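Novice: Provided below: protein-v8.txt, containing compact mmCIF, C-alpha atoms.
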# COMPACT_ATOMS: atom_id res chain seq x y z
CA MET Y 1 33.57 6.76 -1.88
CA PRO Y 2 30.16 5.11 -1.28
CA GLN Y 3 27.67 7.45 0.36
CA SER Y 4 24.62 6.76 2.50
CA VAL Y 5 21.75 8.48 0.70
CA PHE Y 6 18.17 9.29 1.72
CA ILE Y 7 15.85 10.21 -1.16
CA THR Y 8 12.21 11.27 -1.14
CA GLY Y 9 9.65 10.59 -3.86
CA ALA Y 10 11.45 7.49 -5.11
CA ASN Y 11 8.36 5.75 -6.51
CA GLY Y 12 8.66 7.24 -10.00
CA GLY Y 13 10.16 9.83 -12.30
CA PHE Y 14 13.45 11.39 -11.28
CA GLY Y 15 13.33 9.71 -7.86
CA ARG Y 16 13.16 6.17 -9.22
CA LEU Y 17 15.86 6.78 -11.84
CA THR Y 18 18.13 8.52 -9.34
CA THR Y 19 17.77 5.67 -6.85
CA LEU Y 20 18.67 3.07 -9.48
CA SER Y 21 21.59 5.16 -10.73
CA LEU Y 22 22.95 5.67 -7.21
CA LEU Y 23 22.83 1.94 -6.59
CA ASP Y 24 24.63 1.30 -9.89
CA ALA Y 25 27.30 3.77 -8.76
CA GLY Y 26 27.86 1.81 -5.55
CA HIS Y 27 26.04 4.04 -3.08
CA ARG Y 28 23.72 2.83 -0.32
CA VAL Y 29 20.21 4.20 -0.62
CA VAL Y 30 17.12 4.49 1.52
CA ALA Y 31 14.35 5.14 -1.00
CA THR Y 32 11.24 6.66 0.50
CA MET Y 33 7.67 7.04 -0.71
CA ARG Y 34 4.08 6.79 0.45
CA ASN Y 35 1.97 3.63 0.35
CA ILE Y 36 4.80 1.12 -0.01
CA ASP Y 37 2.47 -1.78 0.74
CA THR Y 38 -0.42 -0.70 -1.51
CA ARG Y 39 -0.42 1.76 -4.40
CA ASN Y 40 3.39 1.90 -4.68
CA LEU Y 41 4.07 -1.75 -3.87
CA ALA Y 42 5.40 -2.54 -7.35
CA ALA Y 43 7.74 0.45 -7.28
CA ALA Y 44 8.95 -0.46 -3.80
CA ASP Y 45 9.60 -4.06 -4.83
CA GLU Y 46 11.58 -2.96 -7.90
CA LEU Y 47 13.86 -0.77 -5.80
CA ARG Y 48 14.29 -3.45 -3.13
CA THR Y 49 15.30 -5.93 -5.83
CA ALA Y 50 17.85 -3.41 -7.11
CA GLY Y 51 19.37 -3.14 -3.63
CA ALA Y 52 17.68 -0.17 -1.97
CA ASP Y 53 16.11 -0.13 1.47
CA VAL Y 54 12.56 1.14 1.06
CA VAL Y 55 10.94 3.16 3.84
CA GLU Y 56 7.44 4.61 4.16
CA LEU Y 57 7.41 8.41 4.14
CA ASP Y 58 4.78 11.11 3.84
CA VAL Y 59 6.61 14.44 3.66
CA THR Y 60 3.47 16.27 4.82
CA ASP Y 61 3.49 14.49 8.19
CA ASP Y 62 6.00 15.44 10.90
CA THR Y 63 5.93 12.06 12.63
CA SER Y 64 6.28 10.15 9.37
CA VAL Y 65 9.34 12.21 8.43
CA GLU Y 66 10.99 11.80 11.83
CA ASN Y 67 10.35 8.05 11.83
CA ALA Y 68 11.64 7.63 8.28
CA VAL Y 69 14.89 9.46 9.00
CA ALA Y 70 15.41 7.47 12.21
CA ASN Y 71 14.72 4.26 10.30
CA ALA Y 72 17.21 5.26 7.60
CA VAL Y 73 19.92 5.99 10.15
CA GLU Y 74 19.38 2.57 11.68
CA LEU Y 75 19.55 0.88 8.27
CA LEU Y 76 22.55 2.80 6.94
CA GLY Y 77 24.40 3.64 10.13
CA GLY Y 78 24.22 7.35 9.29
CA LEU Y 79 23.28 9.78 6.52
CA ASP Y 80 25.69 11.49 4.15
CA VAL Y 81 23.25 12.85 1.58
CA ILE Y 82 19.62 14.00 1.59
CA ILE Y 83 17.87 14.31 -1.77
CA ASN Y 84 14.65 16.30 -1.52
CA ASN Y 85 12.90 15.11 -4.67
CA ALA Y 86 9.26 14.58 -3.66
CA GLY Y 87 6.96 17.10 -5.25
CA VAL Y 88 3.65 17.76 -6.92
CA GLY Y 89 2.89 20.02 -9.86
CA SER Y 90 -0.18 22.14 -10.48
CA ILE Y 91 -2.05 23.41 -13.52
CA GLY Y 92 -4.79 25.99 -13.88
CA LEU Y 93 -5.66 29.67 -13.85
CA LEU Y 94 -4.03 31.13 -10.78
CA GLU Y 95 -7.15 32.89 -9.50
CA THR Y 96 -9.00 29.57 -9.32
CA PHE Y 97 -6.59 28.10 -6.74
CA THR Y 98 -8.02 28.44 -3.25
CA PRO Y 99 -5.93 28.99 -0.11
CA ALA Y 100 -6.42 25.28 0.63
CA ASP Y 101 -5.02 24.42 -2.81
CA TRP Y 102 -1.98 26.59 -2.11
CA GLN Y 103 -1.47 24.92 1.24
CA ALA Y 104 -1.57 21.47 -0.38
CA VAL Y 105 1.06 22.39 -2.98
CA PHE Y 106 3.34 24.11 -0.47
CA ASP Y 107 2.95 21.36 2.11
CA ILE Y 108 4.64 18.89 -0.22
CA ASN Y 109 7.02 21.07 -2.22
CA VAL Y 110 8.23 23.49 0.47
CA PHE Y 111 7.27 22.43 3.98
CA GLY Y 112 8.12 18.81 3.09
CA VAL Y 113 11.68 19.87 2.26
CA GLN Y 114 11.95 21.74 5.55
CA ARG Y 115 10.58 18.77 7.52
CA VAL Y 116 13.11 16.38 6.01
CA ASN Y 117 16.02 18.78 6.45
CA ARG Y 118 15.13 19.47 10.08
CA ALA Y 119 15.00 15.76 10.82
CA ALA Y 120 18.37 15.06 9.21
CA LEU Y 121 20.45 18.12 10.03
CA PRO Y 122 21.21 17.37 13.70
CA LEU Y 123 23.01 14.21 12.55
CA MET Y 124 24.97 16.07 9.88
CA ARG Y 125 25.89 18.90 12.23
CA GLU Y 126 27.19 16.38 14.75
CA ARG Y 127 29.43 14.88 12.06
CA GLY Y 128 30.40 18.23 10.56
CA ALA Y 129 29.67 16.98 7.06
CA GLY Y 130 26.81 16.27 4.71
CA LEU Y 131 25.06 17.22 1.49
CA LEU Y 132 21.53 18.52 0.94
CA VAL Y 133 20.30 18.21 -2.65
CA VAL Y 134 17.09 20.01 -3.57
CA VAL Y 135 15.36 19.11 -6.84
CA SER Y 136 13.87 22.40 -7.95
CA SER Y 137 12.97 23.40 -11.54
CA VAL Y 138 13.69 26.01 -14.15
CA VAL Y 139 10.33 27.48 -13.05
CA GLY Y 140 11.97 28.19 -9.73
CA ARG Y 141 13.87 30.88 -11.65
CA MET Y 142 11.22 32.10 -14.10
CA ALA Y 143 7.43 31.83 -14.13
CA LEU Y 144 5.31 30.04 -16.71
CA PRO Y 145 1.61 30.87 -17.02
CA PHE Y 146 -0.88 28.38 -15.56
CA PHE Y 147 1.72 26.78 -13.27
CA GLY Y 148 1.42 29.58 -10.73
CA THR Y 149 1.30 27.69 -7.43
CA TYR Y 150 4.08 25.37 -8.60
CA ASN Y 151 6.17 28.34 -9.78
CA ALA Y 152 5.76 29.98 -6.39
CA ALA Y 153 6.61 26.80 -4.50
CA LYS Y 154 9.81 26.30 -6.48
CA PHE Y 155 10.78 29.96 -6.01
CA ALA Y 156 10.31 29.37 -2.27
CA VAL Y 157 12.44 26.21 -2.35
CA GLU Y 158 15.22 28.12 -4.09
CA GLY Y 159 15.18 30.73 -1.32
CA LEU Y 160 15.14 28.00 1.31
CA ALA Y 161 18.18 26.34 -0.25
CA GLU Y 162 20.06 29.63 -0.63
CA THR Y 163 19.62 30.34 3.06
CA TYR Y 164 20.66 26.83 4.10
CA ARG Y 165 23.75 27.22 1.92
CA SER Y 166 24.98 30.21 3.89
CA GLU Y 167 23.96 28.98 7.33
CA LEU Y 168 25.31 25.44 6.95
CA SER Y 169 28.49 25.92 4.88
CA PRO Y 170 30.59 26.92 7.93
CA LEU Y 171 29.49 23.69 9.59
CA GLY Y 172 30.76 21.53 6.72
CA ILE Y 173 27.31 20.86 5.22
CA GLU Y 174 26.86 21.59 1.54
CA THR Y 175 23.64 22.56 -0.25
CA CYS Y 176 23.02 22.06 -3.97
CA ILE Y 177 20.05 22.83 -6.22
CA VAL Y 178 19.22 20.81 -9.34
CA GLU Y 179 16.99 22.63 -11.85
CA PRO Y 180 15.45 20.32 -14.47
CA GLY Y 181 13.52 21.58 -17.45
CA ALA Y 182 10.34 19.85 -18.67
CA TYR Y 183 10.80 16.08 -18.92
CA PRO Y 184 8.51 13.21 -19.94
CA THR Y 185 7.88 11.63 -16.53
CA ASN Y 186 4.76 10.80 -14.55
CA PHE Y 187 4.88 14.38 -13.24
CA ILE Y 188 2.33 15.61 -15.79
CA ASP Y 189 -0.10 12.82 -14.95
CA GLY Y 190 -0.10 13.95 -11.32
CA LEU Y 191 -0.64 17.66 -11.89
CA MET Y 192 -2.99 19.07 -9.25
CA GLN Y 193 -5.86 21.14 -10.63
CA SER Y 194 -7.48 24.14 -8.99
CA SER Y 195 -10.60 23.39 -7.00
CA ASP Y 196 -12.66 26.57 -7.57
CA ARG Y 197 -13.92 26.29 -11.14
CA SER Y 198 -16.76 28.77 -10.59
CA ARG Y 199 -14.57 31.55 -11.98
CA ASP Y 200 -13.71 29.79 -15.24
CA VAL Y 201 -16.53 31.34 -17.23
CA SER Y 202 -15.25 34.87 -16.74
CA TYR Y 203 -11.97 33.93 -18.46
CA GLY Y 204 -13.67 32.94 -21.71
CA ASP Y 205 -11.56 30.90 -24.11
CA MET Y 206 -8.50 31.29 -21.88
CA VAL Y 207 -9.94 28.60 -19.63
CA ASN Y 208 -8.62 26.06 -22.15
CA ALA Y 209 -5.13 27.55 -22.23
CA PRO Y 210 -3.66 25.55 -19.30
CA ARG Y 211 -4.40 22.17 -20.86
CA ASN Y 212 -3.33 23.42 -24.28
CA LEU Y 213 0.03 24.41 -22.81
CA VAL Y 214 0.48 20.97 -21.24
CA GLY Y 215 -0.35 19.38 -24.59
CA SER Y 216 2.24 21.59 -26.27
CA PHE Y 217 4.88 20.54 -23.75
CA GLU Y 218 4.02 16.88 -24.27
CA GLY Y 219 4.37 17.30 -28.03
CA VAL Y 220 7.76 18.97 -27.73
CA MET Y 221 9.05 16.31 -25.35
CA ALA Y 222 7.77 13.47 -27.53
CA SER Y 223 9.78 14.86 -30.44
CA SER Y 224 12.93 15.45 -28.36
CA PRO Y 225 14.54 12.12 -27.40
CA ALA Y 226 17.56 13.99 -25.97
CA GLN Y 227 15.26 15.22 -23.20
CA ASP Y 228 15.72 11.97 -21.31
CA PRO Y 229 14.82 11.96 -17.57
CA GLN Y 230 17.92 9.86 -16.99
CA ASN Y 231 19.91 13.06 -17.57
CA VAL Y 232 18.57 14.43 -14.28
CA ALA Y 233 19.47 11.26 -12.38
CA ASP Y 234 22.96 11.35 -13.87
CA ALA Y 235 23.39 14.98 -12.83
CA ILE Y 236 22.42 14.19 -9.23
CA VAL Y 237 24.81 11.23 -9.08
CA ALA Y 238 27.57 13.42 -10.51
CA LEU Y 239 26.98 16.00 -7.79
CA ILE Y 240 27.20 13.36 -5.07
CA ASP Y 241 30.38 11.93 -6.59
CA THR Y 242 32.03 15.37 -6.73
CA PRO Y 243 34.28 16.13 -3.72
CA ALA Y 244 32.88 18.41 -1.04
CA GLY Y 245 33.68 22.05 -1.69
CA GLU Y 246 33.90 21.54 -5.47
CA ARG Y 247 30.19 21.16 -6.26
CA ARG Y 248 28.26 23.77 -8.20
CA PHE Y 249 25.51 25.36 -6.12
CA ARG Y 250 23.05 25.26 -9.05
CA THR Y 251 22.93 22.64 -11.81
CA LEU Y 252 20.63 23.13 -14.79
CA VAL Y 253 19.56 19.98 -16.65
CA ASP Y 254 17.72 20.57 -19.92
CA SER Y 255 18.23 20.17 -23.66
CA LEU Y 256 15.22 22.13 -24.94
CA GLY Y 257 16.76 25.58 -24.61
CA MET Y 258 15.40 26.48 -21.19
CA ALA Y 259 18.78 25.91 -19.53
CA ASP Y 260 20.49 28.20 -22.04
CA ALA Y 261 17.95 30.92 -21.24
CA VAL Y 262 18.16 30.55 -17.46
CA ALA Y 263 21.95 30.08 -17.16
CA PRO Y 264 22.82 33.81 -17.50
CA TYR Y 265 20.29 34.60 -14.78
CA ASN Y 266 21.88 32.05 -12.46
CA GLU Y 267 25.34 33.40 -13.18
CA ALA Y 268 24.22 36.97 -12.52
CA ALA Y 269 22.50 35.92 -9.30
CA GLU Y 270 25.66 34.18 -8.13
CA GLN Y 271 27.73 37.28 -8.83
CA MET Y 272 25.17 39.48 -7.06
CA THR Y 273 25.16 37.18 -4.03
CA ALA Y 274 28.95 37.10 -3.88
CA GLY Y 275 29.07 40.89 -4.15
CA ILE Y 276 26.55 41.51 -1.37
CA TYR Y 277 28.12 38.92 0.93
CA GLY Y 278 31.52 40.43 0.24
CA ALA Y 279 30.28 43.92 1.03
CA PHE Y 280 29.07 42.75 4.43
CA GLY Y 281 32.15 40.62 5.18
CA MET Y 282 30.26 37.32 4.85
CA SER Y 283 32.00 35.72 1.86
CA ASP Y 284 33.10 32.79 4.02
CA LEU Y 285 29.44 31.72 4.32
CA LEU Y 286 29.45 30.78 0.63
CA GLU Y 287 32.39 28.39 1.01
CA VAL Y 288 31.97 24.96 2.53
CA ASN Y 289 34.25 24.36 5.50
CA THR Y 290 35.35 20.84 4.63
CA GLY Y 291 37.41 20.71 7.81
CA ALA Y 292 34.40 21.28 10.09
CA ARG Y 293 34.01 18.79 12.90
Write the structure described by the file as structure tokens, please.
Specialist:
Amino acid sequence: MPQSVFITGANGGFGRLTTLSLLDAGHRVVATMRNIDTRNLAAADELRTAGADVVELDVTDDTSVENAVANAVELLGGLDVIINNAGVGSIGLLETFTPADWQAVFDINVFGVQRVNRAALPLMRERGAGLLVVVSSVVGRMALPFFGTYNAAKFAVEGLAETYRSELSPLGIETCIVEPGAYPTNFIDGLMQSSDRSRDVSYGDMVNAPRNLVGSFEGVMASSPAQDPQNVADAIVALIDTPAGERRFRTLVDSLGMADAVAPYNEAAEQMTAGIYGAFGMSDLLEVNTGAR
């Protein structure tokens, strides 16, 4: 059944591919991004030509988020699915990130998700149905050096999604997390760097380690054609096309071995969660009430 989908960060990477794939699958999409008339004009035009409605959205601005969701509802007549995809990465020695740097990373990756969800959820609760998809990362389950603020933001998003899962499932609203590994997208080009470089000298040669790690990732991805970003878009479309109540809560998407390493952790966490919820008589909060109205 065609769904009305709202996606953030649609100007490139996973967002662009997911938008195009959703349209190919017959869904209606409001693709959102910043600067649709300037810096992202070409991306916006491509998605419009493909059949998407394109709406201006800055996930760090409350008013922008509220206006974008209202605009999407007017265009689509409602919202069935929210895909929280907008995000920014970071690279650098953790100590060199200032509180302002942390705020910038969290404002997009964490608070942006909360802003969008808060704007959309009253509509979904009224209908008693809906799907929230959060694009996280394998580094939301394990930490890599030199990606510290991004690691922390994705850990926070995972906790946010876990809580929404339990609080919204009885109301018929499903929450799903997609955890990609490292993929060759424009993500690396946009990595935010720390702003306090005065401490670099005390780290000696390690100051070069963050960029060396990025170069290593780029080399591995260049030699691994199976690590195609389209895989992530396909996984998101597959989730949306799966009937409510049958979707996996977490979906790992990776062919470089990271998914194989993280999968046992996810399985153990799911068993732990089920056990604790069962012990407190809350198991029903992990099951979507597809009859909610």
Novice: Could you make a table, as CSV, of the residues of range 150-266 of chain Y that have an atom within 6 Å of an atom of range 87-97 of chain Y, each with its nearest atom pair and distance in Å to one decimal, counting only C-alpha atoms, in chain and number order?
Specialist:
residue,atom,partner,partner_atom,distance
Y:Tyr150,CA,Y:Gly89,CA,5.6
Y:Leu191,CA,Y:Gly89,CA,4.7
Y:Met192,CA,Y:Ser90,CA,4.3
Y:Gln193,CA,Y:Ile91,CA,5.3
Y:Ser194,CA,Y:Phe97,CA,4.6
Y:Asp196,CA,Y:Thr96,CA,5.0
Y:Pro210,CA,Y:Gly92,CA,5.6
Novice: Can you pull out the residues contacting Val288 in chain Y? Cut-off 7 Å, using only C-alpha atoms, and skip same-chain residues under 2 positions away; I want them as a PyMOL selection string.
Specialist: chain Y and resi 169-170+172-174+245+286+290
Novice: Those same residues - C-alpha atoms - I'd like them written as a PDB file, in the frame of the given file.
Specialist:
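Saved file out.pdb follows:
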ATOM      1  CA  SER Y 169      28.490  25.920   4.880  1.00  0.00           C
ATOM      2  CA  PRO Y 170      30.590  26.920   7.930  1.00  0.00           C
ATOM      3  CA  GLY Y 172      30.760  21.530   6.720  1.00  0.00           C
ATOM      4  CA  ILE Y 173      27.310  20.860   5.220  1.00  0.00           C
ATOM      5  CA  GLU Y 174      26.860  21.590   1.540  1.00  0.00           C
ATOM      6  CA  GLY Y 245      33.680  22.050  -1.690  1.00  0.00           C
ATOM      7  CA  LEU Y 286      29.450  30.780   0.630  1.00  0.00           C
ATOM      8  CA  THR Y 290      35.350  20.840   4.630  1.00  0.00           C
TER       9      THR Y 290
END
Novice: Closest to Phe6 in chain Y among Y:Asn67, Y:Asn109, Y:Asn212, Y:Thr19, using all atoms listed in the file?
Specialist: Y:Thr19
Novice: Kindly provide, as lines of an AutoDock Vina configuration file, the centre and edge lengths (Å, one decimal) of an axis-aligned box around all atoms of range 67-83 of chain Y given in the file, with 3 Å on each side.
Specialist:
center_x = 18.0
center_y = 7.6
center_z = 5.2
size_x = 21.3
size_y = 19.4
size_z = 20.0
Novice: For Val138 in chain Y, which of Y:Ala268, Y:Ala261, Y:Ala25, Y:Cys176 is the closest residue, counting only C-alpha atoms?
Specialist: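 For Val138 in chain Y, the nearest of the given residues is Y:Ala261.
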Novice: Closest to Glu267 in chain Y among Y:Arg141, Y:Thr60, Y:Phe187, Y:Leu168, using all atoms listed in the file?
Specialist: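 Between Y:Arg141, Y:Thr60, Y:Phe187, Y:Leu168, the residue approaching Glu267 in chain Y most closely is Y:Arg141.
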Novice: Point out the residue among Y:Phe14, Y:Trp102, Y:Phe217, Y:Phe111 with the least atom-to-atom distance to Ser195 in chain Y, counting all atoms listed in the file.
Specialist: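 The answer is Y:Trp102, which sits nearest to Ser195 in chain Y.
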Novice: With only C-alpha atoms as the basis for distance, which of Y:Val73, Y:Leu41, Y:Ile83, Y:Ala182 is at the shortest distance from Asp228 in chain Y?
Specialist: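 Of Y:Val73, Y:Leu41, Y:Ile83, Y:Ala182, the one nearest Asp228 in chain Y, counting only C-alpha atoms, is Y:Ala182.
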Novice: So that I can check the surroundings of Leu20 in chain Y, please list as a list in words every protein, DNA and RNA residue that reaches within 7 Å of it, counting all atoms listed in the file and ignoring chain neighbours fewer than 4 positions away.
Specialist: Arg16, Asp24 and Ala50 of chain Y
Novice: Using all atoms listed in the file for the distances, tell me which of Y:Ser136, Y:His27, Y:Thr149, Y:Leu123 is nearest to Thr98 in chain Y.
Specialist: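 Counting all atoms listed in the file, the residue closest to Thr98 in chain Y is Y:Thr149.
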